[in-house]
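Colleague: Structure file model-v9.txt (compact mmCIF, C-alpha atoms) right here:
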```txt
# COMPACT_ATOMS: atom_id res chain seq x y z
CA MET B 208 22.55 -13.15 12.92
CA ILE B 209 19.73 -15.21 14.42
CA THR B 210 16.78 -13.45 16.05
CA LYS B 211 14.30 -15.50 18.05
CA ILE B 212 10.78 -14.40 18.92
CA ASN B 213 9.82 -16.50 21.92
CA ASN B 214 6.46 -18.19 22.42
CA ILE B 215 4.30 -15.65 20.64
CA ARG B 216 0.78 -15.96 19.33
CA THR B 217 1.20 -15.93 15.55
CA LEU B 218 -1.10 -15.41 12.59
CA VAL B 219 -0.41 -18.13 10.02
CA PHE B 220 -2.35 -19.38 7.02
CA GLU B 221 -3.62 -22.95 6.81
CA GLN B 222 -5.16 -23.75 3.44
CA ASP B 223 -5.51 -20.00 2.85
CA ILE B 224 -7.39 -19.51 6.13
CA PRO B 225 -5.81 -17.23 8.78
CA VAL B 226 -5.48 -18.91 12.18
CA ILE B 227 -3.71 -18.05 15.42
CA LYS B 228 -1.14 -20.44 16.90
CA GLU B 229 1.56 -20.12 19.53
CA ALA B 230 5.01 -20.37 17.99
CA ASP B 231 8.70 -19.70 18.28
CA ILE B 232 9.87 -17.74 15.25
CA TYR B 233 13.51 -17.80 14.14
CA ILE B 234 14.82 -15.13 11.78
CA LYS B 235 18.13 -15.68 10.03
CA ASP B 236 19.45 -12.61 8.28
CA ASP B 237 16.57 -11.38 6.07
CA ARG B 238 14.33 -14.47 6.16
CA ILE B 239 12.19 -16.53 8.48
CA ASP B 240 14.23 -19.68 8.99
CA ALA B 241 11.82 -21.61 11.21
CA VAL B 242 8.36 -21.39 12.75
CA TYR B 243 8.10 -24.00 15.52
CA PHE B 244 4.71 -24.71 17.06
CA ASP B 245 6.06 -27.36 19.45
CA HIS B 246 9.09 -25.47 20.81
CA GLU B 247 11.60 -27.58 18.92
CA ASP B 248 15.34 -27.09 19.38
CA TYR B 249 16.87 -24.75 16.83
CA PRO B 250 20.39 -25.74 15.65
CA GLU B 251 21.95 -22.30 16.28
CA GLN B 252 22.08 -20.01 19.28
CA PRO B 253 20.08 -16.81 18.73
CA GLY B 254 22.03 -13.58 18.89
CA TYR B 255 18.95 -11.58 19.88
CA GLU B 256 15.64 -12.52 21.47
CA ILE B 257 12.23 -10.85 21.55
CA GLU B 258 9.74 -11.99 24.17
CA GLY B 259 6.33 -12.88 22.86
CA ALA B 260 4.27 -12.90 26.06
CA HIS B 261 1.00 -10.96 25.63
CA ARG B 262 1.89 -10.22 22.03
CA LEU B 263 0.70 -11.21 18.56
CA ALA B 264 2.89 -11.56 15.46
CA ILE B 265 1.25 -10.96 12.08
CA PRO B 266 2.69 -10.68 8.57
CA GLY B 267 3.75 -7.12 7.83
CA LEU B 268 0.84 -5.30 6.19
CA ILE B 269 1.08 -4.37 2.51
CA ASN B 270 -0.28 -1.00 1.40
CA ALA B 271 -1.09 -1.69 -2.25
CA HIS B 272 -1.74 1.93 -3.23
CA THR B 273 -0.56 5.21 -1.79
CA HIS B 274 1.20 8.51 -2.55
CA ALA B 275 3.68 8.90 0.30
CA TYR B 276 4.66 12.52 -0.39
CA MET B 277 1.06 13.68 0.06
CA THR B 278 1.32 13.82 3.85
CA MET B 279 2.27 17.48 3.34
CA PHE B 280 -1.26 18.05 2.00
CA ARG B 281 -3.03 16.34 4.89
CA ASN B 282 -6.26 18.10 5.99
CA ILE B 283 -5.73 20.86 3.45
CA ALA B 284 -8.52 20.14 0.94
CA ASP B 285 -11.30 18.42 2.85
CA ASP B 286 -15.07 18.30 2.34
CA VAL B 287 -14.88 19.18 -1.36
CA PRO B 288 -15.85 17.13 -4.45
CA PHE B 289 -13.22 14.93 -6.10
CA THR B 290 -12.65 17.06 -9.21
CA LYS B 291 -12.34 20.25 -7.15
CA TRP B 292 -10.03 18.46 -4.70
CA LEU B 293 -7.76 17.21 -7.48
CA PHE B 294 -7.68 19.99 -10.06
CA ASP B 295 -8.27 23.12 -7.95
CA THR B 296 -6.16 22.33 -4.89
CA ILE B 297 -3.89 19.27 -5.01
CA SER B 298 -2.52 19.62 -8.55
CA PRO B 299 -1.43 23.26 -8.04
CA LEU B 300 0.17 22.32 -4.71
CA GLU B 301 2.06 19.49 -6.39
CA ASP B 302 3.43 21.99 -8.89
CA ALA B 303 4.72 24.09 -5.97
CA MET B 304 6.45 21.35 -3.95
CA THR B 305 10.23 20.95 -3.72
CA ASP B 306 12.31 17.77 -3.61
CA GLU B 307 13.25 18.44 0.01
CA GLU B 308 9.61 18.80 0.98
CA CYS B 309 8.78 15.56 -0.82
CA TYR B 310 11.54 13.77 1.08
CA PHE B 311 10.24 14.82 4.48
CA GLY B 312 6.65 14.24 3.41
CA SER B 313 7.57 10.71 2.39
CA GLN B 314 9.51 10.16 5.60
CA LEU B 315 6.45 11.22 7.59
CA ALA B 316 4.46 8.66 5.58
CA ASN B 317 7.04 5.97 6.34
CA LEU B 318 6.92 6.87 10.02
CA GLU B 319 3.13 6.61 10.10
CA MET B 320 3.08 3.34 8.18
CA ILE B 321 5.71 1.73 10.40
CA ARG B 322 3.87 2.86 13.54
CA THR B 323 0.69 1.21 12.21
CA GLY B 324 2.25 -2.05 11.06
CA THR B 325 2.83 -1.58 7.33
CA THR B 326 6.09 -3.01 5.99
CA SER B 327 5.68 -2.74 2.19
CA TYR B 328 3.92 -0.22 0.00
CA VAL B 329 3.24 0.69 -3.63
CA ASP B 330 4.00 4.37 -4.09
CA MET B 331 2.94 6.50 -7.05
CA HIS B 332 5.08 9.62 -6.88
CA MET B 333 6.25 12.66 -8.84
CA THR B 334 9.80 13.26 -7.62
CA PRO B 335 12.51 10.99 -9.05
CA GLY B 336 15.11 9.78 -6.56
CA VAL B 337 13.47 11.39 -3.56
CA ASN B 338 10.93 8.70 -2.72
CA ALA B 339 13.46 5.91 -3.20
CA LYS B 340 15.91 7.59 -0.84
CA SER B 341 13.18 8.13 1.74
CA ALA B 342 12.15 4.47 1.67
CA ILE B 343 15.76 3.28 1.86
CA ASP B 344 16.48 5.57 4.82
CA SER B 345 13.41 4.26 6.66
CA GLY B 346 14.12 0.59 5.98
CA MET B 347 10.72 -0.07 4.38
CA ARG B 348 10.09 -2.17 1.30
CA VAL B 349 8.77 -0.02 -1.57
CA TYR B 350 7.48 -0.47 -5.09
CA LEU B 351 8.18 2.80 -6.87
CA THR B 352 5.88 3.97 -9.64
CA ARG B 353 6.67 7.36 -11.13
CA GLY B 354 3.34 8.84 -12.22
CA LEU B 355 3.33 8.85 -16.04
CA VAL B 356 1.25 11.38 -17.96
CA GLY B 357 1.24 11.89 -21.73
CA ASP B 358 -0.81 12.00 -24.90
CA LYS B 359 1.13 10.70 -27.90
CA LYS B 360 3.84 8.05 -28.04
CA ASP B 361 6.50 10.71 -28.63
CA ASP B 362 5.07 13.15 -26.05
CA GLU B 363 8.16 14.91 -24.66
CA GLY B 364 6.85 15.16 -21.11
CA GLY B 365 5.61 11.58 -21.12
CA LEU B 366 8.95 10.24 -22.32
CA ARG B 367 10.81 12.34 -19.74
CA ARG B 368 8.71 10.83 -16.95
CA LEU B 369 9.39 7.33 -18.25
CA ARG B 370 13.13 8.05 -18.28
CA GLU B 371 12.86 9.28 -14.70
CA ALA B 372 11.22 6.00 -13.69
CA LEU B 373 13.95 3.98 -15.38
CA ASP B 374 16.67 6.14 -13.82
CA ASP B 375 15.18 5.44 -10.40
CA GLU B 376 15.43 1.73 -11.04
CA GLU B 377 19.00 1.98 -12.28
CA LYS B 378 20.11 4.01 -9.27
CA PHE B 379 18.08 2.44 -6.48
CA GLY B 380 16.42 -0.78 -7.62
CA ASP B 381 17.79 -3.91 -5.99
CA GLY B 382 15.18 -6.51 -6.98
CA ASP B 383 13.98 -6.86 -3.41
CA MET B 384 13.66 -3.82 -1.13
CA VAL B 385 13.30 -1.20 -3.88
CA MET B 386 11.46 -2.34 -6.99
CA THR B 387 10.03 -0.47 -9.95
CA MET B 388 6.63 -0.66 -11.62
CA LEU B 389 5.50 1.68 -14.37
CA GLY B 390 2.71 4.00 -13.32
CA PRO B 391 0.49 5.43 -16.08
CA HIS B 392 -1.57 7.79 -13.98
CA ALA B 393 -5.14 7.35 -15.24
CA PRO B 394 -7.24 7.13 -18.43
CA TYR B 395 -7.99 10.86 -18.32
CA SER B 396 -4.28 11.78 -18.10
CA CYS B 397 -2.87 9.21 -20.55
CA GLY B 398 -3.94 9.33 -24.20
CA PRO B 399 -4.55 5.99 -25.96
CA GLU B 400 -1.32 6.12 -27.96
CA TYR B 401 0.82 6.94 -24.93
CA LEU B 402 -0.93 4.38 -22.73
CA ALA B 403 -0.45 1.67 -25.36
CA TYR B 404 3.23 2.63 -25.64
CA ILE B 405 3.77 2.33 -21.89
CA ALA B 406 1.89 -0.98 -21.76
CA GLY B 407 3.93 -2.33 -24.66
CA TYR B 408 7.17 -1.18 -23.08
CA ALA B 409 6.19 -2.84 -19.79
CA LYS B 410 5.44 -6.10 -21.58
CA GLU B 411 8.69 -6.03 -23.53
CA LYS B 412 10.87 -5.22 -20.52
CA GLY B 413 9.01 -7.24 -17.88
CA TYR B 414 7.58 -4.45 -15.72
CA GLY B 415 4.32 -4.49 -13.81
CA LEU B 416 1.87 -1.61 -14.16
CA ASN B 417 0.12 0.51 -11.52
CA ILE B 418 -2.80 2.70 -12.62
CA HIS B 419 -5.86 4.53 -11.25
CA LEU B 420 -9.02 3.21 -12.89
CA ALA B 421 -12.75 3.91 -12.66
CA GLU B 422 -12.32 6.11 -9.60
CA GLY B 423 -14.94 8.81 -10.19
CA GLU B 424 -18.12 9.43 -12.18
CA ASN B 425 -16.54 12.21 -14.23
CA GLU B 426 -13.84 9.78 -15.40
CA ILE B 427 -16.52 7.32 -16.54
CA LYS B 428 -18.37 10.04 -18.44
CA THR B 429 -15.22 11.51 -20.04
CA ILE B 430 -13.82 8.21 -21.30
CA LYS B 431 -17.22 7.08 -22.58
CA GLU B 432 -17.76 10.33 -24.50
CA LYS B 433 -14.26 10.39 -26.01
CA TYR B 434 -13.72 6.70 -26.78
CA GLY B 435 -17.02 4.89 -26.32
CA LEU B 436 -15.43 2.68 -23.68
CA THR B 437 -15.40 2.19 -19.93
CA PRO B 438 -12.05 3.00 -18.26
CA ILE B 439 -11.47 -0.75 -17.79
CA GLU B 440 -12.14 -1.41 -21.49
CA TYR B 441 -9.92 1.55 -22.40
CA ALA B 442 -7.02 0.18 -20.36
CA ASP B 443 -7.56 -3.35 -21.67
CA LYS B 444 -7.60 -2.16 -25.28
CA ALA B 445 -4.27 -0.38 -24.67
CA GLY B 446 -2.70 -3.61 -23.37
CA VAL B 447 -2.43 -2.55 -19.71
CA PHE B 448 -3.70 -5.93 -18.54
CA ASP B 449 -1.28 -7.95 -20.68
CA VAL B 450 1.22 -7.69 -17.80
CA ARG B 451 0.88 -7.96 -14.02
CA ALA B 452 -1.23 -4.92 -13.19
CA ILE B 453 -2.56 -3.21 -10.08
CA ALA B 454 -5.71 -1.22 -10.78
CA ALA B 455 -6.42 1.22 -7.97
CA HIS B 456 -10.00 2.08 -6.94
CA CYS B 457 -12.28 0.40 -9.56
CA VAL B 458 -15.40 1.97 -8.05
CA TYR B 459 -17.56 2.18 -11.18
CA LEU B 460 -17.61 -1.13 -13.07
CA SER B 461 -19.88 -2.49 -15.75
CA ASP B 462 -20.77 -6.19 -15.96
CA SER B 463 -18.20 -6.69 -18.70
CA ASP B 464 -15.55 -4.91 -16.59
CA TYR B 465 -15.72 -7.63 -13.94
CA ASP B 466 -15.15 -10.26 -16.62
CA ILE B 467 -12.14 -8.39 -18.02
CA LEU B 468 -10.56 -7.94 -14.59
CA SER B 469 -11.11 -11.61 -13.79
CA SER B 470 -9.98 -13.11 -17.10
CA LYS B 471 -6.88 -10.89 -17.26
CA HIS B 472 -5.97 -11.62 -13.60
CA VAL B 473 -5.89 -7.94 -12.70
CA ASN B 474 -5.13 -7.07 -9.07
CA VAL B 475 -7.57 -4.49 -7.72
CA ALA B 476 -6.34 -2.21 -4.91
CA VAL B 477 -9.41 -0.87 -3.15
CA ASN B 478 -9.21 2.36 -1.12
CA PRO B 479 -12.41 2.50 0.94
CA VAL B 480 -11.70 5.55 3.12
CA SER B 481 -10.42 7.77 0.30
CA ASN B 482 -13.33 6.80 -1.95
CA MET B 483 -15.86 7.56 0.79
CA LYS B 484 -14.27 10.85 1.80
CA LEU B 485 -14.16 12.17 -1.77
CA ALA B 486 -17.76 10.99 -2.30
CA ASN B 487 -16.70 8.64 -5.09
CA GLY B 488 -18.67 5.70 -3.70
CA PHE B 489 -17.61 2.15 -2.90
CA SER B 490 -15.74 -0.53 -4.81
CA ASP B 491 -17.95 -3.60 -5.16
CA VAL B 492 -15.67 -5.98 -3.30
CA PRO B 493 -18.31 -8.72 -2.85
CA GLY B 494 -18.84 -8.72 -6.62
CA MET B 495 -15.09 -8.86 -7.24
CA LEU B 496 -14.63 -11.75 -4.84
CA GLU B 497 -17.45 -13.62 -6.54
CA LYS B 498 -15.54 -13.24 -9.82
CA LYS B 499 -12.32 -14.53 -8.17
CA ILE B 500 -10.55 -11.18 -8.66
CA ASN B 501 -7.52 -10.68 -6.41
CA VAL B 502 -8.48 -7.77 -4.15
CA CYS B 503 -5.79 -6.03 -2.13
CA ILE B 504 -6.08 -2.88 -0.07
CA GLY B 505 -4.51 0.58 -0.06
CA THR B 506 -4.89 3.83 1.81
CA ASP B 507 -4.39 6.22 -1.11
CA GLY B 508 -2.50 9.39 -0.10
CA ALA B 509 -2.93 11.34 3.12
CA ALA B 510 -4.36 14.24 1.10
CA SER B 511 -7.55 12.25 0.60
CA ASN B 512 -7.67 9.67 3.38
CA ASN B 513 -6.28 11.42 5.70
CA THR B 514 -4.24 8.64 7.34
CA LEU B 515 -2.02 5.84 6.09
CA ASN B 516 -3.32 3.39 8.69
CA LEU B 517 -4.21 0.02 7.19
CA PHE B 518 -5.99 -1.11 10.36
CA ARG B 519 -8.53 1.67 9.86
CA GLU B 520 -8.77 0.72 6.21
CA MET B 521 -9.42 -2.93 7.04
CA ALA B 522 -12.20 -2.05 9.49
CA PHE B 523 -14.02 0.12 6.94
CA GLU B 524 -13.56 -2.43 4.16
CA ALA B 525 -15.14 -5.14 6.29
CA MET B 526 -18.07 -3.03 7.47
CA ILE B 527 -19.21 -0.84 4.57
CA HIS B 528 -20.51 -3.76 2.51
CA LYS B 529 -22.38 -5.22 5.45
CA GLY B 530 -24.22 -1.92 5.81
CA LEU B 531 -24.79 -1.39 2.08
CA LEU B 532 -26.03 -4.92 1.41
CA LYS B 533 -27.56 -5.54 4.83
CA LYS B 534 -25.66 -8.84 4.94
CA ALA B 535 -23.54 -9.32 8.05
CA GLU B 536 -21.66 -12.27 6.59
CA THR B 537 -20.28 -10.45 3.54
CA VAL B 538 -16.54 -9.59 3.38
CA PRO B 539 -15.62 -11.30 6.67
CA ALA B 540 -12.61 -10.35 8.80
CA SER B 541 -10.59 -13.32 7.52
CA GLU B 542 -11.01 -12.10 3.94
CA VAL B 543 -9.90 -8.57 4.78
CA ILE B 544 -6.79 -9.90 6.53
CA ARG B 545 -5.92 -11.75 3.33
CA MET B 546 -6.37 -8.54 1.35
CA ALA B 547 -3.79 -6.73 3.50
CA THR B 548 -1.26 -9.58 3.47
CA VAL B 549 -1.27 -12.51 1.02
CA ASN B 550 -3.37 -10.75 -1.63
CA GLY B 551 -1.08 -7.73 -1.51
CA ALA B 552 1.93 -10.01 -1.94
CA LYS B 553 0.26 -11.67 -4.94
CA ALA B 554 -0.37 -8.26 -6.50
CA LEU B 555 3.36 -7.58 -6.24
CA GLY B 556 4.27 -10.96 -7.71
CA ARG B 557 5.77 -11.88 -4.35
CA GLU B 558 3.32 -14.47 -3.01
CA SER B 559 6.18 -16.96 -2.55
CA ASP B 560 8.13 -14.77 -0.11
CA LEU B 561 5.92 -11.97 1.26
CA GLY B 562 2.62 -11.81 3.13
CA GLN B 563 3.02 -14.81 5.44
CA ILE B 564 4.92 -15.90 8.51
CA ALA B 565 6.38 -19.13 7.19
CA LYS B 566 9.77 -20.75 6.66
CA GLY B 567 11.65 -19.21 3.74
CA PHE B 568 9.55 -16.07 3.60
CA LYS B 569 11.04 -12.62 4.05
CA ALA B 570 11.22 -11.54 7.69
CA ASP B 571 8.59 -8.79 7.42
CA LEU B 572 6.62 -8.96 10.68
CA THR B 573 4.44 -6.72 12.80
CA ILE B 574 4.08 -7.43 16.52
CA LEU B 575 1.09 -6.11 18.46
CA ASP B 576 0.78 -5.59 22.21
CA LEU B 577 -2.28 -7.53 23.38
CA HIS B 578 -2.33 -5.70 26.71
CA SER B 579 -4.75 -3.18 25.22
CA PRO B 580 -8.31 -2.56 26.41
CA GLN B 581 -9.77 -2.95 22.93
CA LEU B 582 -8.08 -6.35 22.49
CA THR B 583 -9.24 -7.76 25.82
CA PRO B 584 -10.35 -10.52 26.10
CA ALA B 585 -8.03 -11.85 23.39
CA ASP B 586 -10.25 -14.77 22.49
CA ASN B 587 -10.85 -14.08 18.79
CA LEU B 588 -7.83 -12.30 17.42
CA ILE B 589 -8.81 -12.71 13.78
CA SER B 590 -11.88 -10.55 14.39
CA ALA B 591 -9.98 -8.27 16.75
CA LEU B 592 -7.41 -7.40 14.07
CA VAL B 593 -10.14 -6.00 11.84
CA TYR B 594 -12.85 -4.76 14.20
CA SER B 595 -10.95 -3.79 17.36
CA CYS B 596 -7.44 -2.65 16.39
CA SER B 597 -6.69 1.01 15.86
CA GLY B 598 -3.02 0.61 14.90
CA ASN B 599 -1.85 1.99 18.25
CA GLU B 600 -1.32 -1.59 19.40
CA VAL B 601 1.67 -2.02 17.08
CA ASP B 602 4.71 -2.54 19.29
CA THR B 603 7.51 -3.83 17.07
CA VAL B 604 8.07 -3.87 13.31
CA ILE B 605 10.65 -5.94 11.44
CA VAL B 606 11.38 -5.57 7.72
CA ASN B 607 13.82 -7.81 5.86
CA GLY B 608 15.08 -9.06 9.23
CA LYS B 609 15.89 -5.53 10.47
CA ILE B 610 14.07 -4.06 13.46
CA LEU B 611 12.61 -0.69 12.42
CA MET B 612 10.66 -0.13 15.62
CA GLU B 613 10.90 -1.97 18.95
CA LYS B 614 8.62 -1.36 21.92
CA LYS B 615 7.36 1.69 20.01
CA GLU B 616 10.85 3.20 19.72
CA MET B 617 11.80 4.12 16.17
CA LYS B 618 15.20 2.79 15.09
CA THR B 619 15.62 4.22 11.60
CA ILE B 620 13.75 7.54 11.54
CA ASP B 621 14.51 10.68 13.54
CA GLU B 622 10.92 11.33 14.59
CA GLU B 623 11.46 14.79 16.07
CA LYS B 624 13.34 15.94 12.98
CA ILE B 625 10.40 14.88 10.80
CA TYR B 626 7.89 16.75 12.97
CA PHE B 627 10.06 19.88 12.96
CA GLU B 628 10.44 19.94 9.18
CA MET B 629 6.82 19.05 8.49
CA ASP B 630 5.53 21.84 10.73
CA LYS B 631 7.39 24.32 8.51
CA ILE B 632 6.18 22.67 5.32
CA GLY B 633 2.58 22.54 6.52
CA LYS B 634 2.55 26.27 7.25
CA ARG B 635 3.88 27.07 3.79
CA TYR B 636 1.19 25.05 2.03
CA ALA B 637 -1.59 26.37 4.23
CA GLY B 638 -0.45 29.85 3.19
CA ILE B 639 -0.55 28.91 -0.51
CA VAL B 640 -4.11 27.61 -0.16
CA ARG B 641 -5.28 30.74 1.69
CA ARG B 642 -3.87 32.97 -1.06
```
What is this structure when it is put down as structure tokens?
Modeller:
Amino acid sequence: MITKINNIRTLVFEQDIPVIKEADIYIKDDRIDAVYFDHEDYPEQPGYEIEGAHRLAIPGLINAHTHAYMTMFRNIADDVPFTKWLFDTISPLEDAMTDEECYFGSQLANLEMIRTGTTSYVDMHMTPGVNAKSAIDSGMRVYLTRGLVGDKKDDEGGLRRLREALDDEEKFGDGDMVMTMLGPHAPYSCGPEYLAYIAGYAKEKGYGLNIHLAEGENEIKTIKEKYGLTPIEYADKAGVFDVRAIAAHCVYLSDSDYDILSSKHVNVAVNPVSNMKLANGFSDVPGMLEKKINVCIGTDGAASNNTLNLFREMAFEAMIHKGLLKKAETVPASEVIRMATVNGAKALGRESDLGQIAKGFKADLTILDLHSPQLTPADNLISALVYSCSGNEVDTVIVNGKILMEKKEMKTIDEEKIYFEMDKIGKRYAGIVRR
């Protein structure tokens, strides 16, 4: 099946710089087969055509860190400190949730991400099988990381969680749309022996790792008191960075931490909105970029953000450092666009087939309607994507060559069913919190 997108303004990368060009895009099965800037003749007749007038095609956005199921906890623990948020409210609610609730919570997350242009995401979850099924049903590309918690190497609970992660891969992993990373939760929830075991297992079997690091001040204090190390040093000592790793947050870094992250080629997934809302501070993205660290971007879960909208995330990421440093030129829009596309693909080990609109790449595209007040005049779309877009401009989303949403109509998710189920779930959890 050939799909043609006619004469559409397109975000492409030239020598790593995002630029806008008019193009005809041809999709064959699951890949981009041609991107013609001069309206060349394609050798096959398209079976389906999408008109590109007054529209912009960009690479599908990559959410490098989230917890999809947490939409059921949206707006339920706001305006409280991080430790109170996590240990007093969210953790007990997680203990109360059912598999069915997690499925619908994850489907709501998929719905929100599709509607705001995200096509791939890295999901740290707690419910084996459920999150994979939700992603498959929605048509999104997902990297599953079962949250791993344990103390010793032979910790029964820790080993059970690892088995659950491996079972997910065996049942659902296909090497493309559903992939598995191992997800040791954090330094404060993984003892040194268990963390080293997971890191060693990942290295032996060829898995990437996804971990929360240096997110809050209490974490820094706890790890320093117990081990005499920063969280980054703690993870490095355990071997976490001996494989492809995504370190989420990285708000509190020492000078030596930057050197470790750079020398070990660690991918840092920053979460600006979640970190601000929980009063954890700001990741030093300018400092990371100076050290040539690959910075990608995530939303975190809806319990702490409270949206999964990468356009909002990009706007904050571009602006907070300008305000903090009083330097308007720091973290420019072009850099933030790279974070949400090519840098995210690199973090996944997929820079050769995700994150760009180019021949041979996977057909993961987001199309925006430029007939929007905030995008008019459309004379600098690179800036507009970061500073003007709200996510409501997303018109059509294609993942792996399949149209998931067209002209704002969902094709894979029963939207009303999700709202109906989530209304019931939301009332149950609000009742638990009130009690």
Colleague: Could you give me, as a PyMOL selection string, the residues within 7 Å of stretch 443-459 of chain B, counting all atoms listed in the file and dropping anything in the same chain fewer than 6 positions from it?
Modeller: chain B and resi 272+399+402-403+406-407+410+415-422+471+473-478+488-491+554
Colleague: Go ahead and compute the interatomic distance for atom CA of B:Lys615 and atom CA of B:Asn587, in Å to one decimal.
Modeller: 24.1 Å
Colleague: Do you have the atom CA of B:Phe379-atom CA of B:Ser345 distance handy?
Modeller: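 Distance between the two atoms: 14.1 Å.
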Colleague: With only C-alpha atoms as the basis for distance, which of B:Met279, B:Leu588, B:Gly638, B:Leu611 is at the shortest distance from B:Ala342?
Modeller: B:Leu611
Colleague: Do you know which residues lie at most 8 Å from (-16.5, -9.1, 3.4), with coordinates as in the file and all atoms listed in the file counted, and could you write them as a list in words?
Modeller: Val492, Pro493, Glu524, Ala525, Met526, His528, Lys529, Glu536, Thr537, Val538, Pro539, Ala540, Glu542 and Val543 of chain B
Colleague: How many Å separate atom CA of B:Ala409 from atom CA of B:Leu355?
Modeller: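 So the two atoms, atom CA of B:Ala409 and atom CA of B:Leu355, lie 12.6 Å apart.
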Colleague: Show which residues sit within 7 Å of B:Val480, as a PyMOL selection string. Count only C-alpha atoms, and ignore same-chain residues fewer than 3 positions away.
Modeller: chain B and resi 483-484+512+520
Colleague: Selected residues, C-alpha atoms, written as a PDB file, in the frame of the given file, please.
Modeller:
```pdb
ATOM      1  CA  MET B 483     -15.860   7.560   0.790  1.00  0.00           C
ATOM      2  CA  LYS B 484     -14.270  10.850   1.800  1.00  0.00           C
ATOM      3  CA  ASN B 512      -7.670   9.670   3.380  1.00  0.00           C
ATOM      4  CA  GLU B 520      -8.770   0.720   6.210  1.00  0.00           C
TER       5      GLU B 520
END
```
Colleague: I need the residue nearest B:Asn513 from this list: B:Lys228, B:Lys378, B:His246, B:His274. Use all atoms listed in the file for the distance.
Modeller: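 Residue with the minimum atom-to-atom distance to B:Asn513: B:His274.
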Colleague: So, counting all atoms listed in the file, which residue among B:Arg281, B:Arg216, B:His472, B:Arg370 is closest to B:Ala264?
Modeller: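 For B:Ala264, the nearest of the candidates is B:Arg216.
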Colleague: I'd like the contact shell of B:Asn282 - 9 Å cut-off, all atoms listed in the file, skipping same-chain residues fewer than 2 positions apart - returned as a list in words.
Modeller: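 Non-adjacent residues within range: Thr278, Met279, Phe280, Ala284, Asp285, Ala509, Ala510, Ser511, Asn512 and Asn513 of chain B.
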Colleague: Please provide the set of residues having any atom within 12 Å of B:Gln581, restricted to all atoms listed in the file, with same-chain residues fewer than 6 positions apart removed, written as a CSV table (one decimal) with C-alpha atoms, keeping the file's coordinate frame.
Modeller:
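Contents of around-v4.csv, as written:
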```csv
chain,number,residue,atom,x,y,z
B,587,ASN,CA,-10.8,-14.1,18.8
B,588,LEU,CA,-7.8,-12.3,17.4
B,590,SER,CA,-11.9,-10.6,14.4
B,591,ALA,CA,-10.0,-8.3,16.8
B,592,LEU,CA,-7.4,-7.4,14.1
B,593,VAL,CA,-10.1,-6.0,11.8
B,594,TYR,CA,-12.8,-4.8,14.2
B,595,SER,CA,-11.0,-3.8,17.4
B,596,CYS,CA,-7.4,-2.6,16.4
B,597,SER,CA,-6.7,1.0,15.9
B,598,GLY,CA,-3.0,0.6,14.9
B,599,ASN,CA,-1.8,2.0,18.2
B,600,GLU,CA,-1.3,-1.6,19.4
```
Colleague: Could you pull the residues within 10 Å of stretch 555-566 of chain B, counting all atoms listed in the file, minus those fewer than 2 positions along the same chain, as JSON, numbers by chain?
Modeller: {"B": [217, 218, 219, 220, 225, 232, 233, 234, 238, 239, 240, 241, 242, 243, 264, 265, 266, 267, 268, 269, 271, 326, 327, 328, 329, 350, 383, 386, 388, 415, 451, 452, 453, 474, 545, 546, 547, 548, 549, 550, 551, 552, 553, 568, 569, 570, 571, 572]}
